[in-house]
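Engineer: The file below is run28.csv, CSV, C-alpha atoms:
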chain,number,residue,atom,x,y,z
A,1,MET,CA,-17.7,5.5,-71.1
A,2,SER,CA,-14.5,3.6,-71.8
A,3,GLU,CA,-11.4,4.4,-69.8
A,4,GLN,CA,-9.1,4.8,-72.8
A,5,TYR,CA,-9.6,7.7,-75.1
A,6,GLU,CA,-7.4,9.9,-77.3
A,7,VAL,CA,-7.7,13.4,-78.6
A,8,GLU,CA,-6.0,14.5,-81.7
A,9,PHE,CA,-6.2,18.0,-83.2
A,10,ILE,CA,-6.6,18.4,-86.9
A,11,GLU,CA,-7.0,22.2,-86.8
A,12,ARG,CA,-6.6,24.3,-83.7
A,13,GLY,CA,-7.5,28.0,-83.5
A,14,ASP,CA,-8.6,30.3,-80.8
A,15,ARG,CA,-12.2,30.3,-81.9
A,16,GLU,CA,-12.4,27.4,-84.2
A,17,ALA,CA,-11.0,23.9,-84.0
A,18,THR,CA,-11.4,20.5,-85.4
A,19,PHE,CA,-10.3,17.5,-83.3
A,20,LEU,CA,-10.7,13.8,-83.3
A,21,VAL,CA,-11.7,11.9,-80.2
A,22,ARG,CA,-11.2,8.1,-80.2
A,23,GLY,CA,-12.7,5.7,-77.7
A,24,VAL,CA,-15.9,7.4,-76.6
A,25,THR,CA,-19.4,6.2,-77.1
A,26,PRO,CA,-21.8,8.1,-79.3
A,27,ALA,CA,-23.8,9.0,-76.2
A,28,PHE,CA,-20.8,10.7,-74.6
A,29,ALA,CA,-19.9,12.5,-77.8
A,30,ASN,CA,-23.4,13.9,-78.0
A,31,GLY,CA,-23.3,14.7,-74.3
A,32,VAL,CA,-20.2,16.8,-74.9
A,33,ARG,CA,-21.8,18.6,-77.8
A,34,ARG,CA,-25.0,19.3,-75.8
A,35,ALA,CA,-23.0,20.5,-72.8
A,36,MET,CA,-21.0,22.9,-75.1
A,37,LEU,CA,-24.3,24.4,-76.3
A,38,ALA,CA,-26.4,24.5,-73.2
A,39,ASP,CA,-24.4,24.0,-70.0
A,40,VAL,CA,-21.4,26.3,-70.3
A,41,PRO,CA,-22.3,29.7,-68.7
A,42,THR,CA,-21.3,32.9,-70.4
A,43,LEU,CA,-21.9,36.6,-69.7
A,44,SER,CA,-24.6,38.4,-71.6
A,45,ILE,CA,-26.5,41.6,-71.1
A,46,ASP,CA,-29.7,40.8,-69.3
A,47,GLU,CA,-31.0,44.1,-68.0
A,48,VAL,CA,-30.7,47.6,-69.6
A,49,ARG,CA,-31.3,50.9,-67.9
A,50,VAL,CA,-32.1,53.5,-70.5
A,51,VAL,CA,-31.0,57.0,-69.6
A,52,GLU,CA,-31.6,58.5,-72.9
A,53,ASN,CA,-32.8,56.9,-76.2
A,54,SER,CA,-33.8,59.4,-78.8
A,55,SER,CA,-32.9,56.9,-81.6
A,56,VAL,CA,-35.5,55.5,-83.9
A,57,MET,CA,-35.7,52.1,-82.1
A,58,PHE,CA,-37.6,51.1,-79.1
A,59,ASP,CA,-35.7,50.5,-75.8
A,60,GLU,CA,-36.7,46.8,-75.9
A,61,GLN,CA,-35.3,46.3,-79.4
A,62,ILE,CA,-32.0,47.9,-78.4
A,63,GLY,CA,-31.9,45.8,-75.3
A,64,LEU,CA,-32.3,42.6,-77.4
A,65,ARG,CA,-29.5,43.7,-79.7
A,66,LEU,CA,-27.2,44.4,-76.7
A,67,GLY,CA,-28.1,41.0,-75.3
A,68,LEU,CA,-26.8,39.3,-78.4
A,69,VAL,CA,-23.3,40.9,-78.2
A,70,PRO,CA,-20.8,38.3,-77.1
A,71,LEU,CA,-18.8,39.3,-74.0
A,72,THR,CA,-15.5,37.8,-73.1
A,73,THR,CA,-15.9,35.4,-70.2
A,74,PRO,CA,-12.7,34.3,-68.5
A,75,ARG,CA,-12.9,30.8,-67.2
A,76,ASP,CA,-13.4,30.3,-63.4
A,77,GLU,CA,-13.6,34.0,-62.7
A,78,PHE,CA,-17.4,34.3,-62.5
A,79,SER,CA,-20.0,32.0,-61.1
A,80,GLU,CA,-23.5,31.6,-62.4
A,81,GLY,CA,-25.7,34.6,-61.5
A,82,GLU,CA,-22.9,37.1,-61.1
A,83,THR,CA,-23.2,40.4,-62.9
A,84,VAL,CA,-20.9,42.9,-64.5
A,85,THR,CA,-22.0,46.4,-65.4
A,86,LEU,CA,-21.4,48.0,-68.8
A,87,ALA,CA,-22.2,51.5,-70.1
A,88,LEU,CA,-22.7,52.9,-73.5
A,89,ASP,CA,-23.0,56.6,-74.5
A,90,VAL,CA,-23.1,57.5,-78.2
A,91,GLU,CA,-24.3,60.7,-79.8
A,92,GLY,CA,-25.2,61.0,-83.5
A,93,PRO,CA,-24.5,61.4,-86.3
A,94,GLY,CA,-22.7,58.0,-86.3
A,95,THR,CA,-23.2,54.4,-85.5
A,96,ALA,CA,-23.2,52.9,-82.0
A,97,TYR,CA,-21.0,49.8,-82.1
A,98,SER,CA,-20.4,47.0,-79.5
A,99,GLY,CA,-16.9,48.5,-79.1
A,100,ASP,CA,-18.4,51.6,-77.6
A,101,LEU,CA,-19.5,49.5,-74.6
A,102,VAL,CA,-17.4,50.4,-71.5
A,103,SER,CA,-17.1,47.7,-68.9
A,104,SER,CA,-16.7,48.1,-65.2
A,105,ASP,CA,-14.5,44.9,-65.2
A,106,ASP,CA,-11.2,44.7,-67.1
A,107,LEU,CA,-11.7,41.0,-67.7
A,108,VAL,CA,-15.0,41.5,-69.5
A,109,SER,CA,-15.3,43.3,-72.8
A,110,PRO,CA,-17.2,42.8,-76.1
A,111,ALA,CA,-15.6,39.9,-78.0
A,112,GLU,CA,-16.1,41.9,-81.2
A,113,GLU,CA,-15.6,45.6,-81.5
A,114,ASN,CA,-17.6,46.1,-84.7
A,115,VAL,CA,-21.1,44.7,-84.0
A,116,PRO,CA,-23.4,47.6,-85.1
A,117,ILE,CA,-26.1,48.4,-82.5
A,118,ILE,CA,-27.9,51.3,-84.1
A,119,ASP,CA,-27.3,54.0,-86.6
A,120,LEU,CA,-27.8,57.5,-85.0
A,121,LYS,CA,-28.7,60.6,-87.0
A,122,GLU,CA,-27.9,64.2,-86.0
A,123,GLY,CA,-29.3,65.0,-82.6
A,124,GLN,CA,-30.0,61.4,-81.6
A,125,ARG,CA,-28.4,59.9,-78.6
A,126,LEU,CA,-28.2,56.6,-76.9
A,127,GLU,CA,-27.1,56.4,-73.3
A,128,ILE,CA,-27.6,53.2,-71.4
A,129,GLU,CA,-26.3,51.2,-68.5
A,130,ALA,CA,-26.5,47.5,-68.7
A,131,ASP,CA,-26.0,44.5,-66.4
A,132,ALA,CA,-24.4,41.4,-67.9
A,133,VAL,CA,-25.3,38.2,-66.1
A,134,MET,CA,-23.6,34.8,-66.1
A,135,ASP,CA,-26.0,32.2,-67.3
A,136,THR,CA,-26.3,29.1,-69.5
A,137,GLY,CA,-27.5,28.5,-73.0
A,138,LYS,CA,-30.4,26.5,-71.8
A,139,GLU,CA,-31.8,29.6,-70.2
A,140,HIS,CA,-31.4,31.8,-73.3
A,141,ALA,CA,-29.5,31.4,-76.6
A,142,LYS,CA,-27.6,34.6,-76.0
A,143,HIS,CA,-25.6,32.7,-73.3
A,144,GLN,CA,-24.5,30.0,-75.7
A,145,GLY,CA,-20.7,30.0,-75.8
A,146,GLY,CA,-20.5,27.4,-78.7
A,147,VAL,CA,-22.3,28.6,-81.8
A,148,ALA,CA,-21.4,25.9,-84.3
A,149,VAL,CA,-20.7,22.7,-82.5
A,150,GLY,CA,-21.1,19.3,-84.2
A,151,TYR,CA,-19.4,16.0,-84.7
A,152,ARG,CA,-19.5,13.2,-87.2
A,153,HIS,CA,-18.1,9.8,-87.5
A,154,LEU,CA,-14.5,9.4,-88.6
A,155,GLN,CA,-14.6,7.6,-91.9
A,156,ARG,CA,-12.0,5.1,-93.1
A,157,ILE,CA,-11.4,4.7,-96.8
A,158,GLU,CA,-10.3,1.4,-98.2
A,159,VAL,CA,-9.3,0.8,-101.8
A,160,VAL,CA,-10.8,-2.5,-102.8
A,161,GLY,CA,-9.9,-2.6,-106.5
A,162,ASP,CA,-9.8,-0.8,-109.8
A,163,ASN,CA,-12.7,0.5,-111.8
A,164,GLU,CA,-13.3,-1.0,-115.2
A,165,ALA,CA,-11.6,0.9,-118.0
A,166,PHE,CA,-13.5,3.8,-119.5
A,167,GLU,CA,-16.1,3.7,-116.8
A,168,GLN,CA,-17.3,7.1,-115.8
A,169,ASP,CA,-16.6,7.9,-112.1
A,170,ASP,CA,-19.6,9.0,-110.2
A,171,PRO,CA,-18.8,11.7,-107.6
A,172,ARG,CA,-18.4,10.2,-104.2
A,173,ILE,CA,-18.9,13.0,-101.7
A,174,VAL,CA,-17.5,12.8,-98.2
A,175,ARG,CA,-17.5,15.5,-95.5
A,176,GLY,CA,-15.3,16.1,-92.4
A,177,VAL,CA,-12.2,14.1,-92.0
A,178,ILE,CA,-11.3,10.8,-93.4
A,179,GLU,CA,-8.8,8.2,-92.4
A,180,ALA,CA,-6.8,6.9,-95.4
A,181,GLU,CA,-3.7,4.9,-95.3
A,182,GLY,CA,-3.5,5.5,-91.5
A,183,GLU,CA,-3.5,9.2,-92.0
A,184,LEU,CA,-6.1,11.8,-91.1
A,185,VAL,CA,-7.0,13.9,-94.2
A,186,PRO,CA,-9.6,16.8,-94.1
A,187,ALA,CA,-12.1,16.1,-96.9
A,188,GLU,CA,-11.7,19.7,-98.1
A,189,SER,CA,-8.2,19.0,-99.3
A,190,PHE,CA,-9.5,16.9,-102.2
A,191,GLY,CA,-12.7,18.9,-102.8
A,192,ASN,CA,-14.9,16.5,-100.7
A,193,ASP,CA,-14.9,14.1,-103.7
A,194,LEU,CA,-13.2,10.8,-103.2
A,195,THR,CA,-12.9,10.3,-107.0
A,196,ASN,CA,-10.4,13.2,-107.0
A,197,ARG,CA,-8.2,11.4,-104.6
A,198,TYR,CA,-8.7,7.8,-105.9
A,199,GLU,CA,-9.0,8.2,-109.6
A,200,GLY,CA,-10.1,5.0,-111.3
A,201,LYS,CA,-10.1,3.1,-108.0
A,202,GLU,CA,-13.0,1.4,-106.3
A,203,VAL,CA,-13.2,2.5,-102.7
A,204,GLU,CA,-15.3,1.5,-99.7
A,205,VAL,CA,-16.2,4.0,-96.9
A,206,HIS,CA,-16.7,2.7,-93.4
A,207,ASP,CA,-17.5,4.5,-90.2
A,208,VAL,CA,-14.8,4.0,-87.6
A,209,PRO,CA,-16.5,2.8,-84.4
A,210,ASN,CA,-16.3,5.2,-81.4
A,211,ALA,CA,-14.2,7.8,-83.2
A,212,PHE,CA,-15.7,11.2,-83.7
A,213,VAL,CA,-14.5,14.3,-85.4
A,214,PHE,CA,-15.7,17.4,-83.5
A,215,ASP,CA,-16.1,20.8,-85.2
A,216,VAL,CA,-16.3,23.5,-82.6
A,217,GLU,CA,-16.7,27.2,-83.1
A,218,THR,CA,-17.3,29.7,-80.3
A,219,ASP,CA,-18.9,33.1,-80.3
A,220,GLY,CA,-15.7,34.7,-79.0
A,221,SER,CA,-16.7,34.7,-75.3
A,222,MET,CA,-14.1,32.1,-74.7
A,223,SER,CA,-11.5,30.0,-76.5
A,224,VAL,CA,-12.4,26.6,-77.9
A,225,ASP,CA,-10.1,24.9,-75.3
A,226,ASP,CA,-11.9,26.7,-72.5
A,227,LEU,CA,-15.3,25.8,-73.9
A,228,VAL,CA,-14.6,22.1,-74.3
A,229,LEU,CA,-13.0,21.8,-70.9
A,230,ALA,CA,-15.9,23.7,-69.2
A,231,ALA,CA,-18.4,21.4,-71.0
A,232,VAL,CA,-16.6,18.2,-70.0
A,233,ASP,CA,-16.3,19.6,-66.4
A,234,SER,CA,-20.0,20.3,-66.3
A,235,ILE,CA,-20.7,16.6,-67.3
A,236,GLY,CA,-18.4,15.5,-64.6
A,237,ASP,CA,-20.1,17.7,-62.0
A,238,ARG,CA,-23.5,16.4,-62.9
A,239,ALA,CA,-22.3,12.8,-62.8
A,240,ASP,CA,-20.9,13.4,-59.3
A,241,GLU,CA,-24.2,15.1,-58.3
A,242,LEU,CA,-26.1,12.1,-59.5
A,243,ALA,CA,-23.8,9.6,-57.7
A,244,ALA,CA,-24.2,11.5,-54.5
A,245,ALA,CA,-28.0,11.7,-54.9
A,246,VAL,CA,-28.5,8.0,-55.5
A,247,GLN,CA,-25.7,7.0,-53.0
A,248,LEU,CA,-24.0,4.5,-55.1
B,1,MET,CA,-44.7,68.1,-67.3
B,2,THR,CA,-44.2,69.9,-70.6
B,3,TYR,CA,-45.4,69.3,-74.2
B,4,LYS,CA,-43.9,70.4,-77.4
B,5,CYS,CA,-45.8,72.4,-80.0
B,6,SER,CA,-45.7,70.5,-83.3
B,7,ARG,CA,-45.5,73.7,-85.3
B,8,CYS,CA,-43.1,76.0,-83.5
B,9,LYS,CA,-41.3,73.2,-81.6
B,10,ARG,CA,-41.3,75.3,-78.4
B,11,ASP,CA,-41.9,73.8,-75.0
B,12,VAL,CA,-45.4,74.4,-73.8
B,13,SER,CA,-46.8,73.9,-70.3
B,14,LEU,CA,-50.6,73.6,-70.1
B,15,ASP,CA,-52.7,75.5,-67.6
B,16,GLU,CA,-56.2,74.7,-66.8
B,17,TYR,CA,-57.7,77.9,-68.4
B,18,GLY,CA,-55.9,78.0,-71.7
B,19,GLY,CA,-57.1,74.7,-73.1
B,20,VAL,CA,-55.0,72.6,-75.4
B,21,ARG,CA,-53.3,75.3,-77.4
B,22,CYS,CA,-49.8,76.6,-77.9
B,23,PRO,CA,-49.6,80.1,-76.3
B,24,TYR,CA,-46.9,81.2,-78.8
B,25,CYS,CA,-48.4,80.3,-82.1
B,26,GLY,CA,-51.9,79.1,-81.3
B,27,HIS,CA,-51.4,75.7,-82.8
B,28,ARG,CA,-53.6,73.0,-81.3
B,29,VAL,CA,-51.4,70.0,-81.8
B,30,LEU,CA,-49.0,69.4,-78.9
B,31,LEU,CA,-46.7,66.4,-78.6
B,32,LYS,CA,-45.9,64.7,-75.3
B,33,GLU,CA,-42.2,64.4,-74.6
B,34,ARG,CA,-40.5,61.3,-73.3
B,35,SER,CA,-40.1,61.2,-69.5
B,36,ARG,CA,-36.5,61.9,-68.3
B,37,ASP,CA,-36.8,59.0,-65.8
B,38,ILE,CA,-34.4,56.1,-66.2
B,39,LYS,CA,-36.3,53.2,-67.6
B,40,THR,CA,-35.3,49.6,-66.8
B,41,VAL,CA,-35.8,47.1,-69.6
B,42,PRO,CA,-35.3,43.4,-69.2
B,43,VAL,CA,-33.7,41.7,-72.1
B,44,GLU,CA,-35.9,38.8,-73.2
Can I see the file as structure tokens?

Structural biologist:
Amino acid sequence: MSEQYEVEFIERGDREATFLVRGVTPAFANGVRRAMLADVPTLSIDEVRVVENSSVMFDEQIGLRLGLVPLTTPRDEFSEGETVTLALDVEGPGTAYSGDLVSSDDLVSPAEENVPIIDLKEGQRLEIEADAVMDTGKEHAKHQGGVAVGYRHLQRIEVVGDNEAFEQDDPRIVRGVIEAEGELVPAESFGNDLTNRYEGKEVEVHDVPNAFVFDVETDGSMSVDDLVLAAVDSIGDRADELAAAVQL
Amino acid sequence: MTYKCSRCKRDVSLDEYGGVRCPYCGHRVLLKERSRDIKTVPVE
């Protein structure tokens, strides 16, 4: 990887962000993407103790649903393999939601309050105790912190001339973010169609070498910032491990 | 270990002489109740 790189945010939210990274190789960009998906540990329910389940679903099915509820995972507070206990006790009629889960640790709570777990009718009851364990996405997809993570090349648009008069413009669809006149423009701002932005012009689209636009969305277990930093740290840790192992 | 009569919904305990039959209403269909033990389920 090159020494010089730059990061520029196009959109920055807590759970969703778009940012441009310049000066990294495609291999590194993909490494970051894969680390975000598979190597950042998050807490997820891994074992359920069923005290009472008079609902219409099997214990195993409810366990699976609980496992998929994202739990907030503060960075650097838990190490892999650590557990947190949660409890749920809901009596029908009504719906058991993820927000009904009570955590033993103040730092850990369901990232979304309104994930339905099961609809309970009169006289039905669900009482469980569950252990959430810290693990990575490569072990099970429920531990994936990043849910929609991808990148694409930054594309530079150059106007090379005018179209001939009365010629019908064919749509020229681009996605992501383009670089035009030295500015970064999200393609959504002109309906993803270059003919809207450059009417009657002939344009050329080139990939900018070693510049990648990342689109990152998390499941709510951590912020985008934490996810990206944890992913990059995990690559660094593994590089150190490799260096120590081969004694460079 | 109790069963539940499917007709009169009462709890029934079986003895070895009575055979499979509800002592209250004579119904022969008894349902086995879920154990009260805590069951541990791994989340796959």

Engineer: If you count all atoms listed in the file, which residues fall within 7 Å of stretch 199-204 of chain A, apart from same-chain ones fewer than 2 positions away, as a PyMOL selection string?

Structural biologist: chain A and resi 157-163+195-197+206

Engineer: With only C-alpha atoms counted, which protein, DNA or RNA residues have an atom no more than 12 Å from (-10.5, 14.1, -94.2) in the file frame? Please answer as a compact mmCIF listing (two decimals) with C-alpha atoms, keeping the file's coordinate frame.

Structural biologist:
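For reference, point_37.txt as written:
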# COMPACT_ATOMS: atom_id res chain seq x y z
CA ILE A 10 -6.60 18.40 -86.90
CA GLU A 11 -7.00 22.20 -86.80
CA THR A 18 -11.40 20.50 -85.40
CA PHE A 19 -10.30 17.50 -83.30
CA LEU A 20 -10.70 13.80 -83.30
CA ARG A 152 -19.50 13.20 -87.20
CA HIS A 153 -18.10 9.80 -87.50
CA LEU A 154 -14.50 9.40 -88.60
CA GLN A 155 -14.60 7.60 -91.90
CA ARG A 156 -12.00 5.10 -93.10
CA ILE A 157 -11.40 4.70 -96.80
CA ILE A 173 -18.90 13.00 -101.70
CA VAL A 174 -17.50 12.80 -98.20
CA ARG A 175 -17.50 15.50 -95.50
CA GLY A 176 -15.30 16.10 -92.40
CA VAL A 177 -12.20 14.10 -92.00
CA ILE A 178 -11.30 10.80 -93.40
CA GLU A 179 -8.80 8.20 -92.40
CA ALA A 180 -6.80 6.90 -95.40
CA GLU A 181 -3.70 4.90 -95.30
CA GLY A 182 -3.50 5.50 -91.50
CA GLU A 183 -3.50 9.20 -92.00
CA LEU A 184 -6.10 11.80 -91.10
CA VAL A 185 -7.00 13.90 -94.20
CA PRO A 186 -9.60 16.80 -94.10
CA ALA A 187 -12.10 16.10 -96.90
CA GLU A 188 -11.70 19.70 -98.10
CA SER A 189 -8.20 19.00 -99.30
CA PHE A 190 -9.50 16.90 -102.20
CA GLY A 191 -12.70 18.90 -102.80
CA ASN A 192 -14.90 16.50 -100.70
CA ASP A 193 -14.90 14.10 -103.70
CA LEU A 194 -13.20 10.80 -103.20
CA ARG A 197 -8.20 11.40 -104.60
CA VAL A 205 -16.20 4.00 -96.90
CA VAL A 213 -14.50 14.30 -85.40

Engineer: What residues in chain B have any atom no more than 9 Å from chain A when counting all atoms listed in the file, and can you write them as a ChimeraX atom specification?

Structural biologist: /B:34,36-44

Engineer: Emit the selected residues as a compact mmCIF listing (two decimals), in the coordinates of the input, including C-alpha atoms.

Structural biologist:
# COMPACT_ATOMS: atom_id res chain seq x y z
CA ARG B 34 -40.50 61.30 -73.30
CA ARG B 36 -36.50 61.90 -68.30
CA ASP B 37 -36.80 59.00 -65.80
CA ILE B 38 -34.40 56.10 -66.20
CA LYS B 39 -36.30 53.20 -67.60
CA THR B 40 -35.30 49.60 -66.80
CA VAL B 41 -35.80 47.10 -69.60
CA PRO B 42 -35.30 43.40 -69.20
CA VAL B 43 -33.70 41.70 -72.10
CA GLU B 44 -35.90 38.80 -73.20

Engineer: Could you state the separation of atom CA of A:Asp233 and atom CA of A:Thr85 in Å, given to one decimal place?

Structural biologist: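 It comes out at 27.4 Å.
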
Engineer: Between atom CA of A:Ser55 and atom CA of B:Lys32, what distance in Å does the model show, to one decimal?

Structural biologist: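 Answer for the atom CA of A:Ser55 to atom CA of B:Lys32 separation: 16.4 Å.
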